[in-house]
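File shown here: coords-v1.cif, holding mmCIF, C-alpha atoms.
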data_protein
#
loop_
_atom_site.label_atom_id
_atom_site.label_comp_id
_atom_site.auth_asym_id
_atom_site.auth_seq_id
_atom_site.Cartn_x
_atom_site.Cartn_y
_atom_site.Cartn_z
CA MET A 28 86.46 104.12 141.27
CA PRO A 29 88.01 101.79 143.81
CA VAL A 30 89.81 98.64 142.74
CA ARG A 31 88.21 95.45 144.02
CA PHE A 32 90.00 92.15 144.22
CA ILE A 33 88.10 88.92 143.87
CA ASN A 34 89.26 85.99 145.92
CA VAL A 35 88.77 82.83 143.84
CA HIS A 36 90.10 79.40 144.67
CA PRO A 37 92.07 77.81 141.77
CA SER A 38 89.72 74.81 141.72
CA GLN A 39 86.85 77.16 140.77
CA LEU A 40 88.60 78.52 137.70
CA LYS A 41 87.60 77.14 134.33
CA VAL A 42 90.21 77.12 131.62
CA TYR A 43 89.11 76.89 128.04
CA LEU A 44 91.83 75.48 125.84
CA VAL A 45 91.51 76.27 122.17
CA VAL A 46 93.34 73.60 120.23
CA GLU A 47 93.64 74.14 116.52
CA VAL A 48 94.22 70.75 114.97
CA ALA A 49 91.97 70.68 111.91
CA CYS A 50 93.27 73.74 110.07
CA PHE A 51 95.07 71.64 107.44
CA ILE A 52 91.89 69.86 106.32
CA THR A 53 90.46 72.83 104.39
CA PRO A 54 93.52 73.57 102.18
CA LEU A 55 94.05 69.82 101.73
CA THR A 56 90.48 69.37 100.47
CA VAL A 57 90.71 72.41 98.20
CA GLY A 58 94.09 71.20 96.88
CA LEU A 59 92.69 67.75 96.06
CA ILE A 60 89.67 69.27 94.30
CA LEU A 61 91.94 71.60 92.32
CA ALA A 62 94.21 68.68 91.38
CA ALA A 63 91.20 66.85 89.93
CA ILE A 64 90.08 69.99 88.07
CA ARG A 65 93.61 70.42 86.73
CA LYS A 66 93.56 66.89 85.29
CA LEU A 67 90.15 67.36 83.65
CA TRP A 68 90.32 70.98 82.43
CA ARG A 69 92.44 71.75 79.40
CA GLY A 70 92.81 75.46 80.22
CA ALA A 71 94.52 74.72 83.54
CA GLU A 72 98.01 75.37 82.20
CA ARG A 73 96.96 78.79 80.92
CA VAL A 74 96.00 79.96 84.41
CA ARG A 75 98.90 78.09 86.06
CA LEU A 76 96.59 76.08 88.27
CA ASP A 77 99.47 73.71 88.99
CA ILE A 78 101.17 76.36 91.12
CA LEU A 79 98.04 76.78 93.26
CA VAL A 80 97.68 73.00 93.62
CA TYR A 81 101.30 72.69 94.79
CA LEU A 82 100.89 75.58 97.23
CA MET A 83 97.70 74.12 98.73
CA LEU A 84 98.88 70.52 98.97
CA GLY A 85 102.39 71.40 100.11
CA GLY A 86 101.16 73.73 102.83
CA ALA A 87 98.52 71.25 103.99
CA LEU A 88 101.03 68.40 104.15
CA VAL A 89 103.53 70.48 106.12
CA LEU A 90 100.76 71.48 108.56
CA ALA A 91 99.60 67.89 108.88
CA ALA A 92 103.17 66.75 109.59
CA GLU A 93 103.52 69.48 112.23
CA HIS A 94 100.27 68.39 113.90
CA VAL A 95 101.39 64.74 113.87
CA TRP A 96 104.77 65.76 115.32
CA HIS A 97 103.07 67.53 118.24
CA GLY A 98 100.68 64.65 118.87
CA GLU A 99 97.55 66.52 117.83
CA VAL A 100 96.75 64.04 115.06
CA VAL A 101 96.93 60.34 115.87
CA PRO A 102 96.60 57.20 113.70
CA TRP A 103 93.48 55.90 115.51
CA PRO A 104 89.91 57.22 115.39
CA PRO A 105 88.79 59.97 115.78
CA PHE A 106 92.28 60.98 114.52
CA LEU A 107 92.07 64.48 116.02
CA THR A 108 92.90 64.72 119.71
CA ALA A 109 90.70 67.80 120.09
CA MET A 110 87.62 65.82 119.07
CA GLN A 111 87.04 63.32 121.86
CA SER A 112 83.25 63.37 121.77
CA PRO A 113 80.50 64.18 119.24
CA GLU A 114 79.92 67.47 121.04
CA ASP A 115 83.31 68.63 119.77
CA ILE A 116 82.31 68.38 116.09
CA PRO A 117 80.97 71.98 115.87
CA VAL A 118 84.22 73.24 117.41
CA VAL A 119 86.28 71.38 114.82
CA ILE A 120 84.04 72.56 111.96
CA ASN A 121 84.32 76.14 113.21
CA GLU A 122 88.09 75.84 113.41
CA MET A 123 88.29 74.34 109.91
CA THR A 124 86.16 77.16 108.56
CA ARG A 125 87.79 80.00 110.47
CA VAL A 126 91.49 79.10 110.44
CA GLY A 127 91.62 76.74 107.45
CA GLY A 128 89.42 78.99 105.34
CA THR A 129 91.55 82.01 106.15
CA MET A 130 94.73 80.14 105.21
CA THR A 131 93.14 78.92 101.98
CA LEU A 132 92.02 82.43 101.04
CA ALA A 133 95.45 83.85 101.88
CA VAL A 134 97.25 81.28 99.72
CA THR A 135 94.80 81.84 96.86
CA GLY A 136 95.28 85.61 97.16
CA ALA A 137 99.06 85.25 97.08
CA TRP A 138 98.76 83.00 94.02
CA LEU A 139 96.56 85.58 92.27
CA LEU A 140 99.04 88.37 93.07
CA VAL A 141 101.98 86.36 91.72
CA LEU A 142 99.98 85.35 88.66
CA GLY A 143 98.96 88.94 87.96
CA PHE A 144 102.50 90.19 88.51
CA THR A 145 104.06 87.64 86.16
CA ARG A 146 101.49 88.38 83.47
CA ARG A 147 102.13 92.09 83.75
CA VAL A 148 105.91 91.80 83.72
CA GLN A 149 106.58 89.28 81.01
CA VAL A 150 110.06 89.56 79.62
CA LYS A 151 110.27 88.85 75.95
CA ILE A 152 113.62 87.35 75.08
CA THR A 153 114.72 87.52 71.48
CA PRO A 154 117.84 85.69 70.38
CA ILE A 155 120.74 87.76 69.09
CA LYS A 156 121.33 86.92 65.44
CA GLN A 157 124.68 88.56 64.86
CA LEU A 158 126.67 90.97 66.91
CA THR A 159 128.01 93.77 64.74
CA THR A 160 130.11 96.74 65.65
CA THR A 161 130.69 100.10 64.06
CA LEU A 162 134.27 100.31 65.28
CA SER A 163 137.03 99.71 62.77
CA PRO A 164 139.85 97.42 63.83
CA THR A 165 142.93 99.23 64.99
CA SER A 166 146.44 98.32 64.04
CA THR A 167 147.16 96.74 67.45
CA GLU A 168 144.16 94.44 67.15
CA THR A 169 145.01 93.24 63.66
CA GLY A 170 148.67 92.76 64.42
CA VAL A 171 149.85 95.27 61.75
CA LYS A 172 152.66 97.63 62.80
#
For the structure just supplied, provide its representation as structure tokens.
Amino acid sequence: MPVRFINVHPSQLKVYLVVEVACFITPLTVGLILAAIRKLWRGAERVRLDILVYLMLGGALVLAAEHVWHGEVVPWPPFLTAMQSPEDIPVVINEMTRVGGTMTLAVTGAWLLVLGFTRRVQVKITPIKQLTTTLSPTSTETGVK
């Protein structure tokens, strides 16, 4: 099969730029919901929900700071530079679902693995009451010659 080259002028090329700027919204929302559940539910300390809340909120805040640093999130509406018109809303929702949802599931999965591992490998520490030995003192230890 022969190779064919297509001659296209650069002005005819369309470049689609995929900007991911809303990925932090999903873990941030989940983290805030989990923080409220943690305050209201008494069994939250049993399942170590605080660790998951810190992972979600910490990761979301670091991502938000990174997006602000790169100028992708601005302090004026619509706040996201990728959403300049209402037609961009489905793109942002898709990105929040696809990227943010994947990050949220990955963090939750890591939390479940760590939780399962720590429950399986619990070290029970018992204090030592008295250290006894079966060795009798020698004459050099007692100072007797």
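Atom pair CA of Leu90 in chain A / CA of Ala133 in chain A: separated by 15.0 Å.
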Exercise for review: Counting only C-alpha atoms, figure out which residue out of A:Val57, A:Ala63, A:Glu114, A:Arg73 gets nearest to Gly86 in chain A.
Suggested key: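 Of A:Val57, A:Ala63, A:Glu114, A:Arg73, the one nearest Gly86 in chain A, counting only C-alpha atoms, is A:Val57.
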Check your understanding: Using only C-alpha atoms, which of A:Ala62, A:Val119, A:Ala92, A:Ala71 sits nearest Ala49 in chain A?
Key ->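 Using only C-alpha atoms, Ala49 in chain A sits closest to A:Val119.
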Box time for range 112-124 of chain A: axis-aligned, enclosing all its listed atoms, 8 Å extra on each side; report centre and edge lengths in Å to one decimal, as lines of an AutoDock Vina configuration file.
center_x = 84.1
center_y = 70.3
center_z = 115.2
size_x = 24.4
size_y = 29.8
size_z = 29.2
Exercise for review: Run the PyMOL selection byres ((chain A and resi 100) around 12) against the file shown and list the residues it catches, as an NGL selection string.
Suggested key: :A and (46-52 or 90-99 or 101-111)
Review point. Interatomic distance between CA of Ser112 in chain A and CA of Gly127 in chain A?
Key: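 Calculated distance between CA of Ser112 in chain A and CA of Gly127 in chain A is 21.3 Å.
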Name the residues within 12 Å of (99.6, 74.6, 88.2), counting only C-alpha atoms in the file's coordinates, and put them as a PDB file with C-alpha atoms, in the frame of the given file.
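Output file out_38.pdb follows:
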ATOM      1  CA  GLY A  58      94.090  71.200  96.880  1.00  0.00           C
ATOM      2  CA  LEU A  61      91.940  71.600  92.320  1.00  0.00           C
ATOM      3  CA  ALA A  62      94.210  68.680  91.380  1.00  0.00           C
ATOM      4  CA  ALA A  63      91.200  66.850  89.930  1.00  0.00           C
ATOM      5  CA  ILE A  64      90.080  69.990  88.070  1.00  0.00           C
ATOM      6  CA  ARG A  65      93.610  70.420  86.730  1.00  0.00           C
ATOM      7  CA  LYS A  66      93.560  66.890  85.290  1.00  0.00           C
ATOM      8  CA  TRP A  68      90.320  70.980  82.430  1.00  0.00           C
ATOM      9  CA  ARG A  69      92.440  71.750  79.400  1.00  0.00           C
ATOM     10  CA  GLY A  70      92.810  75.460  80.220  1.00  0.00           C
ATOM     11  CA  ALA A  71      94.520  74.720  83.540  1.00  0.00           C
ATOM     12  CA  GLU A  72      98.010  75.370  82.200  1.00  0.00           C
ATOM     13  CA  ARG A  73      96.960  78.790  80.920  1.00  0.00           C
ATOM     14  CA  VAL A  74      96.000  79.960  84.410  1.00  0.00           C
ATOM     15  CA  ARG A  75      98.900  78.090  86.060  1.00  0.00           C
ATOM     16  CA  LEU A  76      96.590  76.080  88.270  1.00  0.00           C
ATOM     17  CA  ASP A  77      99.470  73.710  88.990  1.00  0.00           C
ATOM     18  CA  ILE A  78     101.170  76.360  91.120  1.00  0.00           C
ATOM     19  CA  LEU A  79      98.040  76.780  93.260  1.00  0.00           C
ATOM     20  CA  VAL A  80      97.680  73.000  93.620  1.00  0.00           C
ATOM     21  CA  TYR A  81     101.300  72.690  94.790  1.00  0.00           C
ATOM     22  CA  LEU A  82     100.890  75.580  97.230  1.00  0.00           C
ATOM     23  CA  MET A  83      97.700  74.120  98.730  1.00  0.00           C
ATOM     24  CA  LEU A  84      98.880  70.520  98.970  1.00  0.00           C
ATOM     25  CA  TRP A 138      98.760  83.000  94.020  1.00  0.00           C
ATOM     26  CA  LEU A 142      99.980  85.350  88.660  1.00  0.00           C
TER      27      LEU A 142
END
Review point. Mind pulling up the distance from CA of Val126 in chain A to CA of Ala87 in chain A?
Key: 12.4 Å
Fix up range 62-76 of chain A with N, CA and C atoms, then write it as a tab-separated table (two decimals), keeping the file's coordinate frame.
chain	number	residue	atom	x	y	z
A	62	ALA	N	93.40	69.66	92.12
A	62	ALA	CA	94.21	68.68	91.38
A	62	ALA	C	93.33	67.90	90.41
A	63	ALA	N	92.12	67.54	90.83
A	63	ALA	CA	91.20	66.85	89.93
A	63	ALA	C	90.75	67.76	88.80
A	64	ILE	N	90.47	69.02	89.11
A	64	ILE	CA	90.08	69.99	88.07
A	64	ILE	C	91.22	70.18	87.08
A	65	ARG	N	92.44	70.24	87.58
A	65	ARG	CA	93.61	70.42	86.73
A	65	ARG	C	93.76	69.26	85.73
A	66	LYS	N	93.46	68.04	86.18
A	66	LYS	CA	93.56	66.89	85.29
A	66	LYS	C	92.46	66.90	84.22
A	67	LEU	N	91.29	67.41	84.57
A	67	LEU	CA	90.15	67.36	83.65
A	67	LEU	C	90.04	68.58	82.74
A	68	TRP	N	90.51	69.73	83.17
A	68	TRP	CA	90.32	70.98	82.43
A	68	TRP	C	91.54	71.27	81.58
A	69	ARG	N	91.32	71.52	80.31
A	69	ARG	CA	92.44	71.75	79.40
A	69	ARG	C	93.05	73.15	79.55
A	70	GLY	N	92.30	74.09	80.07
A	70	GLY	CA	92.81	75.46	80.22
A	70	GLY	C	93.58	75.67	81.51
A	71	ALA	N	93.86	74.59	82.23
A	71	ALA	CA	94.52	74.72	83.54
A	71	ALA	C	95.94	75.23	83.40
A	72	GLU	N	96.64	74.89	82.30
A	72	GLU	CA	98.01	75.37	82.20
A	72	GLU	C	98.06	76.85	81.86
A	73	ARG	N	97.00	77.37	81.24
A	73	ARG	CA	96.96	78.79	80.92
A	73	ARG	C	96.89	79.66	82.18
A	74	VAL	N	96.14	79.19	83.17
A	74	VAL	CA	96.00	79.96	84.41
A	74	VAL	C	96.98	79.51	85.48
A	75	ARG	N	97.87	78.60	85.14
A	75	ARG	CA	98.90	78.09	86.06
A	75	ARG	C	98.27	77.54	87.34
A	76	LEU	N	97.27	76.71	87.15
A	76	LEU	CA	96.59	76.08	88.27
A	76	LEU	C	97.51	75.12	89.02
